[in-house]
Amino acid sequence: MAWTRSKRSKTIKLILLSIILIAVGIVIVVYVGYRRISNTPELILSTIENGANMSIGRIQQTVTHDGKRQLSLEAESAHYIETQKQVILKDLSVTFFLDDNSEVYLSAQKGIVNRDTNDMEVSGNVVIKKDNYLLATEQLNYDHRQRIIFSKVPVSISGNSTNILADSAIFDLKTKKIWLEGNVEGTLSANSAL
């Protein structure tokens, strides 16, 4: 019986020694691999430079021109497509900063931003809010160079006893004027000022 205990004890010691040696071997392999990558970051960057897609959660970006904020964008997630220079956004909100220090707010379920131009296309429950007015549509675009927001699909505008429907709309952020086209109908209160 003593001989069996001794044999069992040696077997357990051999198993434990094997586990320790395997664990040390894994640590060495991971360390050497990490050192190899950290000493040659071009191995990591080469996948990005070759057009690999990147995805990140919760982003915030501010666009400025001549030291003045033009817009601030937030989204729950972003997916960058290098080959098309586009960022696909989900659940986004944008604040446009106007010259008179007022703000226009936009929200949508999905957005596509062109990284070269900062132009944007948004869709899905699109809402624009300016003061007490809401413009709702399913899809619209933002032309960054001209600072205009436009929709080629039906829009509805509501607020301050105003309800307007139109087939399309253009909102100039510089002049704060809106143009409505196609089957425009609705009601305006006497004190309406968009």
# chains A, B, ... in the order shown; residues from 1 in each chain; ligands from 1

$ residues_around --residues "Ile149 of chain A" --least-positions-apart "2" --cutoff "7 Å" --atoms "only C-alpha atoms" --output "PDB file with all heavy atoms, in the first residue's frame"
ATOM      1  N   ASN A 141     -29.715  64.516 -47.341  1.00  0.00           N
ATOM      2  CA  ASN A 141     -28.280  64.670 -47.583  1.00  0.00           C
ATOM      3  C   ASN A 141     -27.788  65.993 -47.016  1.00  0.00           C
ATOM      4  O   ASN A 141     -28.558  66.949 -46.895  1.00  0.00           O
ATOM      5  CB  ASN A 141     -27.980  64.636 -49.087  1.00  0.00           C
ATOM      6  CG  ASN A 141     -28.309  63.304 -49.690  1.00  0.00           C
ATOM      7  OD1 ASN A 141     -29.470  62.951 -49.852  1.00  0.00           O
ATOM      8  ND2 ASN A 141     -27.299  62.542 -50.032  1.00  0.00           N
ATOM      9  N   TYR A 142     -26.501  66.043 -46.723  1.00  0.00           N
ATOM     10  CA  TYR A 142     -25.851  67.274 -46.277  1.00  0.00           C
ATOM     11  C   TYR A 142     -24.664  67.513 -47.198  1.00  0.00           C
ATOM     12  O   TYR A 142     -23.795  66.661 -47.342  1.00  0.00           O
ATOM     13  CB  TYR A 142     -25.391  67.143 -44.822  1.00  0.00           C
ATOM     14  CG  TYR A 142     -24.445  68.235 -44.391  1.00  0.00           C
ATOM     15  CD1 TYR A 142     -24.877  69.563 -44.316  1.00  0.00           C
ATOM     16  CD2 TYR A 142     -23.132  67.948 -44.045  1.00  0.00           C
ATOM     17  CE1 TYR A 142     -24.015  70.566 -43.913  1.00  0.00           C
ATOM     18  CE2 TYR A 142     -22.267  68.947 -43.633  1.00  0.00           C
ATOM     19  CZ  TYR A 142     -22.701  70.253 -43.569  1.00  0.00           C
ATOM     20  OH  TYR A 142     -21.843  71.247 -43.173  1.00  0.00           O
ATOM     21  N   ASP A 143     -24.628  68.686 -47.834  1.00  0.00           N
ATOM     22  CA  ASP A 143     -23.510  69.107 -48.678  1.00  0.00           C
ATOM     23  C   ASP A 143     -22.659  70.048 -47.827  1.00  0.00           C
ATOM     24  O   ASP A 143     -23.059  71.185 -47.551  1.00  0.00           O
ATOM     25  CB  ASP A 143     -24.032  69.815 -49.936  1.00  0.00           C
ATOM     26  CG  ASP A 143     -22.912  70.195 -50.885  1.00  0.00           C
ATOM     27  OD1 ASP A 143     -21.903  70.801 -50.438  1.00  0.00           O
ATOM     28  OD2 ASP A 143     -23.058  69.913 -52.088  1.00  0.00           O
ATOM     29  N   ARG A 147     -22.940  73.927 -47.334  1.00  0.00           N
ATOM     30  CA  ARG A 147     -23.652  74.012 -46.054  1.00  0.00           C
ATOM     31  C   ARG A 147     -25.160  74.007 -46.257  1.00  0.00           C
ATOM     32  O   ARG A 147     -25.900  74.834 -45.719  1.00  0.00           O
ATOM     33  CB  ARG A 147     -23.230  75.250 -45.253  1.00  0.00           C
ATOM     34  CG  ARG A 147     -21.776  75.330 -44.902  1.00  0.00           C
ATOM     35  CD  ARG A 147     -21.352  74.952 -43.529  1.00  0.00           C
ATOM     36  NE  ARG A 147     -22.051  75.612 -42.436  1.00  0.00           N
ATOM     37  CZ  ARG A 147     -22.230  75.026 -41.273  1.00  0.00           C
ATOM     38  NH1 ARG A 147     -21.799  73.810 -41.063  1.00  0.00           N
ATOM     39  NH2 ARG A 147     -22.848  75.645 -40.300  1.00  0.00           N
ATOM     40  N   ILE A 170     -35.008  71.955 -49.308  1.00  0.00           N
ATOM     41  CA  ILE A 170     -33.607  72.372 -49.206  1.00  0.00           C
ATOM     42  C   ILE A 170     -33.536  73.375 -48.065  1.00  0.00           C
ATOM     43  O   ILE A 170     -34.300  74.340 -48.029  1.00  0.00           O
ATOM     44  CB  ILE A 170     -33.100  73.034 -50.509  1.00  0.00           C
ATOM     45  CG1 ILE A 170     -33.171  72.058 -51.674  1.00  0.00           C
ATOM     46  CG2 ILE A 170     -31.668  73.544 -50.319  1.00  0.00           C
ATOM     47  CD1 ILE A 170     -32.856  72.692 -53.026  1.00  0.00           C
ATOM     48  N   PHE A 171     -32.614  73.135 -47.120  1.00  0.00           N
ATOM     49  CA  PHE A 171     -32.426  74.042 -45.999  1.00  0.00           C
ATOM     50  C   PHE A 171     -30.999  74.562 -46.053  1.00  0.00           C
ATOM     51  O   PHE A 171     -30.047  73.805 -45.943  1.00  0.00           O
ATOM     52  CB  PHE A 171     -32.700  73.323 -44.680  1.00  0.00           C
ATOM     53  CG  PHE A 171     -32.544  74.173 -43.450  1.00  0.00           C
ATOM     54  CD1 PHE A 171     -32.981  75.492 -43.412  1.00  0.00           C
ATOM     55  CD2 PHE A 171     -31.975  73.652 -42.308  1.00  0.00           C
ATOM     56  CE1 PHE A 171     -32.846  76.268 -42.273  1.00  0.00           C
ATOM     57  CE2 PHE A 171     -31.837  74.408 -41.159  1.00  0.00           C
ATOM     58  CZ  PHE A 171     -32.270  75.723 -41.138  1.00  0.00           C
ATOM     59  N   ASP A 172     -30.848  75.880 -46.237  1.00  0.00           N
ATOM     60  CA  ASP A 172     -29.535  76.531 -46.317  1.00  0.00           C
ATOM     61  C   ASP A 172     -29.127  76.941 -44.902  1.00  0.00           C
ATOM     62  O   ASP A 172     -29.771  77.795 -44.284  1.00  0.00           O
ATOM     63  CB  ASP A 172     -29.619  77.750 -47.241  1.00  0.00           C
ATOM     64  CG  ASP A 172     -28.263  78.360 -47.531  1.00  0.00           C
ATOM     65  OD1 ASP A 172     -27.395  78.359 -46.628  1.00  0.00           O
ATOM     66  OD2 ASP A 172     -28.064  78.826 -48.664  1.00  0.00           O
TER      67      ASP A 172
END

$ select_by_dssp --residues "segment 7-194 of chain A" --states "alpha helix (DSSP H)" --output "PyMOL selection string"
chain A and resi 7-39+42-49

$ write_last_selection --atoms "N, CA and C atoms" --output "short mmCIF file (atom, residue, chain, number, x, y, z; two decimals), in the first residue's frame"
data_model
loop_
_atom_site.label_atom_id
_atom_site.label_comp_id
_atom_site.auth_asym_id
_atom_site.auth_seq_id
_atom_site.Cartn_x
_atom_site.Cartn_y
_atom_site.Cartn_z
N LYS A 7 3.80 5.78 -5.67
CA LYS A 7 3.66 5.83 -7.12
C LYS A 7 2.64 6.91 -7.50
N ARG A 8 1.51 7.00 -6.76
CA ARG A 8 0.51 8.03 -7.03
C ARG A 8 1.08 9.42 -6.81
N SER A 9 1.83 9.59 -5.76
CA SER A 9 2.44 10.87 -5.44
C SER A 9 3.40 11.30 -6.55
N LYS A 10 4.20 10.35 -7.07
CA LYS A 10 5.13 10.66 -8.16
C LYS A 10 4.35 11.00 -9.44
N THR A 11 3.24 10.33 -9.70
CA THR A 11 2.42 10.59 -10.89
C THR A 11 1.82 12.00 -10.79
N ILE A 12 1.31 12.37 -9.63
CA ILE A 12 0.72 13.71 -9.44
C ILE A 12 1.80 14.77 -9.62
N LYS A 13 2.99 14.54 -9.05
CA LYS A 13 4.09 15.50 -9.20
C LYS A 13 4.49 15.65 -10.66
N LEU A 14 4.51 14.54 -11.40
CA LEU A 14 4.87 14.58 -12.82
C LEU A 14 3.82 15.34 -13.63
N ILE A 15 2.54 15.14 -13.31
CA ILE A 15 1.46 15.86 -14.00
C ILE A 15 1.56 17.36 -13.71
N LEU A 16 1.75 17.72 -12.44
CA LEU A 16 1.86 19.13 -12.07
C LEU A 16 3.08 19.78 -12.72
N LEU A 17 4.20 19.09 -12.78
CA LEU A 17 5.41 19.61 -13.43
C LEU A 17 5.16 19.81 -14.91
N SER A 18 4.46 18.89 -15.55
CA SER A 18 4.12 19.02 -16.97
C SER A 18 3.23 20.24 -17.21
N ILE A 19 2.22 20.45 -16.36
CA ILE A 19 1.32 21.60 -16.49
C ILE A 19 2.10 22.90 -16.34
N ILE A 20 3.00 22.95 -15.37
CA ILE A 20 3.81 24.16 -15.16
C ILE A 20 4.70 24.43 -16.37
N LEU A 21 5.34 23.40 -16.92
CA LEU A 21 6.20 23.58 -18.09
C LEU A 21 5.39 24.05 -19.31
N ILE A 22 4.21 23.50 -19.49
CA ILE A 22 3.35 23.92 -20.61
C ILE A 22 2.95 25.39 -20.43
N ALA A 23 2.56 25.79 -19.22
CA ALA A 23 2.15 27.18 -18.95
C ALA A 23 3.31 28.13 -19.20
N VAL A 24 4.51 27.78 -18.75
CA VAL A 24 5.69 28.62 -18.99
C VAL A 24 5.98 28.72 -20.49
N GLY A 25 5.82 27.61 -21.20
CA GLY A 25 6.03 27.62 -22.65
C GLY A 25 5.04 28.55 -23.35
N ILE A 26 3.77 28.52 -22.94
CA ILE A 26 2.75 29.39 -23.53
C ILE A 26 3.09 30.85 -23.27
N VAL A 27 3.51 31.17 -22.03
CA VAL A 27 3.87 32.55 -21.69
C VAL A 27 5.04 33.01 -22.57
N ILE A 28 6.02 32.18 -22.77
CA ILE A 28 7.18 32.54 -23.60
C ILE A 28 6.76 32.78 -25.04
N VAL A 29 5.92 31.92 -25.59
CA VAL A 29 5.45 32.08 -26.97
C VAL A 29 4.66 33.38 -27.13
N VAL A 30 3.76 33.67 -26.20
CA VAL A 30 2.97 34.90 -26.26
C VAL A 30 3.88 36.12 -26.15
N TYR A 31 4.84 36.09 -25.23
CA TYR A 31 5.76 37.20 -25.05
C TYR A 31 6.60 37.45 -26.30
N VAL A 32 7.14 36.40 -26.88
CA VAL A 32 7.96 36.54 -28.10
C VAL A 32 7.10 37.07 -29.25
N GLY A 33 5.89 36.57 -29.38
CA GLY A 33 4.99 37.06 -30.43
C GLY A 33 4.65 38.53 -30.23
N TYR A 34 4.38 38.93 -29.00
CA TYR A 34 4.07 40.32 -28.70
C TYR A 34 5.27 41.21 -29.02
N ARG A 35 6.45 40.79 -28.62
CA ARG A 35 7.66 41.59 -28.88
C ARG A 35 7.90 41.74 -30.38
N ARG A 36 7.63 40.68 -31.12
CA ARG A 36 7.84 40.73 -32.57
C ARG A 36 6.91 41.76 -33.21
N ILE A 37 5.63 41.76 -32.79
CA ILE A 37 4.65 42.71 -33.35
C ILE A 37 4.95 44.13 -32.87
N SER A 38 5.28 44.30 -31.57
CA SER A 38 5.51 45.65 -31.06
C SER A 38 6.78 46.26 -31.63
N ASN A 39 7.76 45.44 -32.03
CA ASN A 39 8.99 45.96 -32.64
C ASN A 39 8.82 46.23 -34.12
N GLU A 42 4.68 47.92 -38.52
CA GLU A 42 4.22 47.86 -39.91
C GLU A 42 3.45 46.57 -40.20
N LEU A 43 3.66 45.52 -39.40
CA LEU A 43 2.87 44.29 -39.57
C LEU A 43 1.39 44.57 -39.28
N ILE A 44 1.13 45.37 -38.25
CA ILE A 44 -0.25 45.73 -37.92
C ILE A 44 -0.79 46.71 -38.94
N LEU A 45 -0.03 47.76 -39.25
CA LEU A 45 -0.49 48.80 -40.16
C LEU A 45 -0.69 48.30 -41.58
N SER A 46 0.04 47.26 -41.99
CA SER A 46 -0.10 46.79 -43.37
C SER A 46 -1.51 46.30 -43.65
N THR A 47 -2.20 45.75 -42.65
CA THR A 47 -3.57 45.31 -42.89
C THR A 47 -4.50 46.50 -43.09
N ILE A 48 -4.25 47.59 -42.38
CA ILE A 48 -5.06 48.79 -42.55
C ILE A 48 -4.77 49.43 -43.90
N GLU A 49 -3.49 49.54 -44.26
CA GLU A 49 -3.11 50.17 -45.51
C GLU A 49 -3.60 49.39 -46.73
#

$ residues_around --residues "segment 68-80 of chain A" --least-positions-apart "2" --cutoff "8 Å" --atoms "only C-alpha atoms" --output "PyMOL selection string"
chain A and resi 53-66+82+85-98

$ write_last_selection --atoms "N, CA and C atoms" --output "PDB file, in the first residue's frame"
ATOM      1  N   ASN A  53     -11.167  46.915 -43.356  1.00  0.00           N
ATOM      2  CA  ASN A  53     -12.234  47.688 -42.734  1.00  0.00           C
ATOM      3  C   ASN A  53     -12.003  47.765 -41.240  1.00  0.00           C
ATOM      4  N   MET A  54     -12.418  48.875 -40.652  1.00  0.00           N
ATOM      5  CA  MET A  54     -12.300  49.043 -39.208  1.00  0.00           C
ATOM      6  C   MET A  54     -13.677  49.376 -38.646  1.00  0.00           C
ATOM      7  N   SER A  55     -13.953  48.868 -37.481  1.00  0.00           N
ATOM      8  CA  SER A  55     -15.208  49.179 -36.801  1.00  0.00           C
ATOM      9  C   SER A  55     -14.903  49.617 -35.389  1.00  0.00           C
ATOM     10  N   ILE A  56     -15.637  50.641 -34.935  1.00  0.00           N
ATOM     11  CA  ILE A  56     -15.481  51.095 -33.564  1.00  0.00           C
ATOM     12  C   ILE A  56     -16.850  51.437 -33.009  1.00  0.00           C
ATOM     13  N   GLY A  57     -16.956  51.402 -31.727  1.00  0.00           N
ATOM     14  CA  GLY A  57     -18.196  51.783 -31.071  1.00  0.00           C
ATOM     15  C   GLY A  57     -18.118  53.219 -30.600  1.00  0.00           C
ATOM     16  N   ARG A  58     -19.232  53.816 -30.366  1.00  0.00           N
ATOM     17  CA  ARG A  58     -19.413  55.171 -29.837  1.00  0.00           C
ATOM     18  C   ARG A  58     -18.313  56.143 -30.279  1.00  0.00           C
ATOM     19  N   ILE A  59     -18.623  56.965 -31.264  1.00  0.00           N
ATOM     20  CA  ILE A  59     -17.653  57.940 -31.743  1.00  0.00           C
ATOM     21  C   ILE A  59     -18.201  59.351 -31.595  1.00  0.00           C
ATOM     22  N   GLN A  60     -17.283  60.313 -31.589  1.00  0.00           N
ATOM     23  CA  GLN A  60     -17.624  61.729 -31.564  1.00  0.00           C
ATOM     24  C   GLN A  60     -16.588  62.451 -32.409  1.00  0.00           C
ATOM     25  N   GLN A  61     -17.046  63.325 -33.314  1.00  0.00           N
ATOM     26  CA  GLN A  61     -16.137  64.074 -34.178  1.00  0.00           C
ATOM     27  C   GLN A  61     -16.667  65.494 -34.328  1.00  0.00           C
ATOM     28  N   THR A  62     -15.768  66.463 -34.311  1.00  0.00           N
ATOM     29  CA  THR A  62     -16.123  67.859 -34.533  1.00  0.00           C
ATOM     30  C   THR A  62     -15.380  68.362 -35.753  1.00  0.00           C
ATOM     31  N   VAL A  63     -16.112  69.041 -36.651  1.00  0.00           N
ATOM     32  CA  VAL A  63     -15.522  69.606 -37.864  1.00  0.00           C
ATOM     33  C   VAL A  63     -15.442  71.110 -37.667  1.00  0.00           C
ATOM     34  N   THR A  64     -14.241  71.669 -37.876  1.00  0.00           N
ATOM     35  CA  THR A  64     -14.043  73.107 -37.745  1.00  0.00           C
ATOM     36  C   THR A  64     -13.499  73.679 -39.052  1.00  0.00           C
ATOM     37  N   HIS A  65     -13.700  74.987 -39.223  1.00  0.00           N
ATOM     38  CA  HIS A  65     -13.146  75.711 -40.374  1.00  0.00           C
ATOM     39  C   HIS A  65     -12.742  77.100 -39.887  1.00  0.00           C
ATOM     40  N   ASP A  66     -11.492  77.453 -40.078  1.00  0.00           N
ATOM     41  CA  ASP A  66     -10.958  78.738 -39.608  1.00  0.00           C
ATOM     42  C   ASP A  66     -11.215  78.942 -38.113  1.00  0.00           C
ATOM     43  N   GLU A  82     -12.190  51.725 -46.224  1.00  0.00           N
ATOM     44  CA  GLU A  82     -11.039  52.426 -46.798  1.00  0.00           C
ATOM     45  C   GLU A  82     -11.168  52.608 -48.305  1.00  0.00           C
ATOM     46  N   LYS A  85     -13.588  55.332 -48.961  1.00  0.00           N
ATOM     47  CA  LYS A  85     -13.407  56.530 -48.144  1.00  0.00           C
ATOM     48  C   LYS A  85     -14.713  56.951 -47.479  1.00  0.00           C
ATOM     49  N   GLN A  86     -15.432  55.961 -46.943  1.00  0.00           N
ATOM     50  CA  GLN A  86     -16.723  56.208 -46.321  1.00  0.00           C
ATOM     51  C   GLN A  86     -16.739  55.679 -44.893  1.00  0.00           C
ATOM     52  N   VAL A  87     -17.510  56.367 -44.076  1.00  0.00           N
ATOM     53  CA  VAL A  87     -17.772  55.898 -42.722  1.00  0.00           C
ATOM     54  C   VAL A  87     -19.273  55.629 -42.624  1.00  0.00           C
ATOM     55  N   ILE A  88     -19.633  54.412 -42.276  1.00  0.00           N
ATOM     56  CA  ILE A  88     -21.029  54.025 -42.091  1.00  0.00           C
ATOM     57  C   ILE A  88     -21.341  54.175 -40.603  1.00  0.00           C
ATOM     58  N   LEU A  89     -22.364  54.963 -40.289  1.00  0.00           N
ATOM     59  CA  LEU A  89     -22.709  55.259 -38.903  1.00  0.00           C
ATOM     60  C   LEU A  89     -24.070  54.678 -38.544  1.00  0.00           C
ATOM     61  N   LYS A  90     -24.229  54.329 -37.275  1.00  0.00           N
ATOM     62  CA  LYS A  90     -25.524  53.857 -36.775  1.00  0.00           C
ATOM     63  C   LYS A  90     -25.934  54.727 -35.597  1.00  0.00           C
ATOM     64  N   ASP A  91     -27.242  55.027 -35.536  1.00  0.00           N
ATOM     65  CA  ASP A  91     -27.813  55.842 -34.463  1.00  0.00           C
ATOM     66  C   ASP A  91     -26.982  57.099 -34.228  1.00  0.00           C
ATOM     67  N   LEU A  92     -27.072  58.009 -35.182  1.00  0.00           N
ATOM     68  CA  LEU A  92     -26.242  59.193 -35.132  1.00  0.00           C
ATOM     69  C   LEU A  92     -27.033  60.447 -34.796  1.00  0.00           C
ATOM     70  N   SER A  93     -26.317  61.416 -34.267  1.00  0.00           N
ATOM     71  CA  SER A  93     -26.870  62.744 -34.046  1.00  0.00           C
ATOM     72  C   SER A  93     -25.804  63.754 -34.445  1.00  0.00           C
ATOM     73  N   VAL A  94     -26.262  64.840 -35.086  1.00  0.00           N
ATOM     74  CA  VAL A  94     -25.363  65.874 -35.576  1.00  0.00           C
ATOM     75  C   VAL A  94     -25.876  67.215 -35.082  1.00  0.00           C
ATOM     76  N   THR A  95     -24.964  68.041 -34.617  1.00  0.00           N
ATOM     77  CA  THR A  95     -25.285  69.421 -34.274  1.00  0.00           C
ATOM     78  C   THR A  95     -24.574  70.311 -35.278  1.00  0.00           C
ATOM     79  N   PHE A  96     -25.344  71.126 -35.998  1.00  0.00           N
ATOM     80  CA  PHE A  96     -24.782  72.095 -36.933  1.00  0.00           C
ATOM     81  C   PHE A  96     -24.716  73.444 -36.221  1.00  0.00           C
ATOM     82  N   PHE A  97     -23.557  74.102 -36.254  1.00  0.00           N
ATOM     83  CA  PHE A  97     -23.370  75.394 -35.615  1.00  0.00           C
ATOM     84  C   PHE A  97     -23.480  76.481 -36.678  1.00  0.00           C
ATOM     85  N   LEU A  98     -24.414  77.420 -36.470  1.00  0.00           N
ATOM     86  CA  LEU A  98     -24.665  78.472 -37.439  1.00  0.00           C
ATOM     87  C   LEU A  98     -23.887  79.735 -37.073  1.00  0.00           C
TER      88      LEU A  98
END

$ atom_distance --atom1 "atom CA of Tyr133 of chain A" --atom2 "atom CA of Ser156 of chain A"
10.3 Å

$ residues_around --residues "Gln146 of chain A" --least-positions-apart "6" --cutoff "10 Å" --atoms "only C-alpha atoms" --output "PyMOL selection string"
chain A and resi 119+172-174

$ write_last_selection --atoms "all heavy atoms" --output "PDB file, in the first residue's frame"
ATOM      1  N   ASP A 119     -19.350  65.300 -46.778  1.00  0.00           N
ATOM      2  CA  ASP A 119     -20.753  65.221 -47.180  1.00  0.00           C
ATOM      3  C   ASP A 119     -21.372  64.012 -46.488  1.00  0.00           C
ATOM      4  O   ASP A 119     -20.683  63.031 -46.176  1.00  0.00           O
ATOM      5  CB  ASP A 119     -20.890  65.070 -48.699  1.00  0.00           C
ATOM      6  CG  ASP A 119     -20.512  66.340 -49.443  1.00  0.00           C
ATOM      7  OD1 ASP A 119     -20.344  67.395 -48.803  1.00  0.00           O
ATOM      8  OD2 ASP A 119     -20.390  66.271 -50.680  1.00  0.00           O
ATOM      9  N   ASP A 172     -30.848  75.880 -46.237  1.00  0.00           N
ATOM     10  CA  ASP A 172     -29.535  76.531 -46.317  1.00  0.00           C
ATOM     11  C   ASP A 172     -29.127  76.941 -44.902  1.00  0.00           C
ATOM     12  O   ASP A 172     -29.771  77.795 -44.284  1.00  0.00           O
ATOM     13  CB  ASP A 172     -29.619  77.750 -47.241  1.00  0.00           C
ATOM     14  CG  ASP A 172     -28.263  78.360 -47.531  1.00  0.00           C
ATOM     15  OD1 ASP A 172     -27.395  78.359 -46.628  1.00  0.00           O
ATOM     16  OD2 ASP A 172     -28.064  78.826 -48.664  1.00  0.00           O
ATOM     17  N   LEU A 173     -28.053  76.356 -44.398  1.00  0.00           N
ATOM     18  CA  LEU A 173     -27.606  76.644 -43.039  1.00  0.00           C
ATOM     19  C   LEU A 173     -26.979  78.035 -42.928  1.00  0.00           C
ATOM     20  O   LEU A 173     -26.933  78.599 -41.835  1.00  0.00           O
ATOM     21  CB  LEU A 173     -26.613  75.579 -42.571  1.00  0.00           C
ATOM     22  CG  LEU A 173     -27.175  74.169 -42.413  1.00  0.00           C
ATOM     23  CD1 LEU A 173     -26.058  73.165 -42.150  1.00  0.00           C
ATOM     24  CD2 LEU A 173     -28.215  74.112 -41.316  1.00  0.00           C
ATOM     25  N   LYS A 174     -26.484  78.587 -44.034  1.00  0.00           N
ATOM     26  CA  LYS A 174     -25.878  79.926 -43.989  1.00  0.00           C
ATOM     27  C   LYS A 174     -26.948  81.011 -43.889  1.00  0.00           C
ATOM     28  O   LYS A 174     -26.804  81.959 -43.126  1.00  0.00           O
ATOM     29  CB  LYS A 174     -25.001  80.157 -45.225  1.00  0.00           C
ATOM     30  CG  LYS A 174     -23.757  79.253 -45.260  1.00  0.00           C
ATOM     31  CD  LYS A 174     -22.897  79.537 -46.458  1.00  0.00           C
ATOM     32  CE  LYS A 174     -23.513  78.862 -47.659  1.00  0.00           C
ATOM     33  NZ  LYS A 174     -22.669  78.855 -48.842  1.00  0.00           N
TER      34      LYS A 174
END

$ residues_around --residues "Ser168 of chain A" --least-positions-apart "6" --cutoff "8 Å" --atoms "only C-alpha atoms" --output "PyMOL selection string"
chain A and resi 150-155+180-182

$ write_last_selection --atoms "N, CA and C atoms" --output "PDB file, in the first residue's frame"
ATOM      1  N   PHE A 150     -30.576  68.772 -47.765  1.00  0.00           N
ATOM      2  CA  PHE A 150     -31.660  68.638 -48.736  1.00  0.00           C
ATOM      3  C   PHE A 150     -32.226  67.229 -48.725  1.00  0.00           C
ATOM      4  N   SER A 151     -33.522  67.155 -49.052  1.00  0.00           N
ATOM      5  CA  SER A 151     -34.215  65.880 -49.126  1.00  0.00           C
ATOM      6  C   SER A 151     -34.950  65.807 -50.447  1.00  0.00           C
ATOM      7  N   LYS A 152     -34.812  64.694 -51.119  1.00  0.00           N
ATOM      8  CA  LYS A 152     -35.524  64.466 -52.378  1.00  0.00           C
ATOM      9  C   LYS A 152     -36.740  63.562 -52.172  1.00  0.00           C
ATOM     10  N   VAL A 153     -37.021  63.249 -50.927  1.00  0.00           N
ATOM     11  CA  VAL A 153     -38.199  62.447 -50.582  1.00  0.00           C
ATOM     12  C   VAL A 153     -39.114  63.302 -49.713  1.00  0.00           C
ATOM     13  N   PRO A 154     -40.389  62.919 -49.554  1.00  0.00           N
ATOM     14  CA  PRO A 154     -41.328  63.748 -48.809  1.00  0.00           C
ATOM     15  C   PRO A 154     -40.847  64.125 -47.407  1.00  0.00           C
ATOM     16  N   VAL A 155     -41.180  65.367 -47.032  1.00  0.00           N
ATOM     17  CA  VAL A 155     -40.835  65.892 -45.710  1.00  0.00           C
ATOM     18  C   VAL A 155     -42.087  66.452 -45.058  1.00  0.00           C
ATOM     19  N   LEU A 180     -39.260  74.620 -50.271  1.00  0.00           N
ATOM     20  CA  LEU A 180     -40.083  73.416 -50.364  1.00  0.00           C
ATOM     21  C   LEU A 180     -40.598  73.308 -51.785  1.00  0.00           C
ATOM     22  N   GLU A 181     -40.617  72.088 -52.320  1.00  0.00           N
ATOM     23  CA  GLU A 181     -41.069  71.883 -53.693  1.00  0.00           C
ATOM     24  C   GLU A 181     -41.984  70.675 -53.773  1.00  0.00           C
ATOM     25  N   GLY A 182     -42.887  70.692 -54.752  1.00  0.00           N
ATOM     26  CA  GLY A 182     -43.723  69.538 -55.066  1.00  0.00           C
ATOM     27  C   GLY A 182     -44.834  69.286 -54.083  1.00  0.00           C
TER      28      GLY A 182
END

$ select_by_dssp --residues "segment 38-189 of chain A" --states "strand (DSSP E)" --output "NGL selection string"
:A and (54-65 or 68-81 or 86-97 or 103-114 or 120-130 or 133-143 or 148-151 or 155-159 or 162-166 or 168-172 or 177-181 or 185-187)

$ closest_residue --among "A:Gly67, A:Gly186, A:Gly124, A:Gly111" --to "Thr162 of chain A" --atoms "only C-alpha atoms"
A:Gly186

$ closest_residue --among "A:Leu134, A:Ile157, A:Trp179, A:Asn163" --to "Ser107 of chain A" --atoms "only C-alpha atoms"
A:Leu134

$ residues_around --residues "Ser123 of chain A" --least-positions-apart "5" --cutoff "7 Å" --atoms "only C-alpha atoms" --output "count of residues only"
7

$ atom_distance --atom1 "atom CA of Ser102 of chain A" --atom2 "atom CA of Asn132 of chain A"
12.6 Å
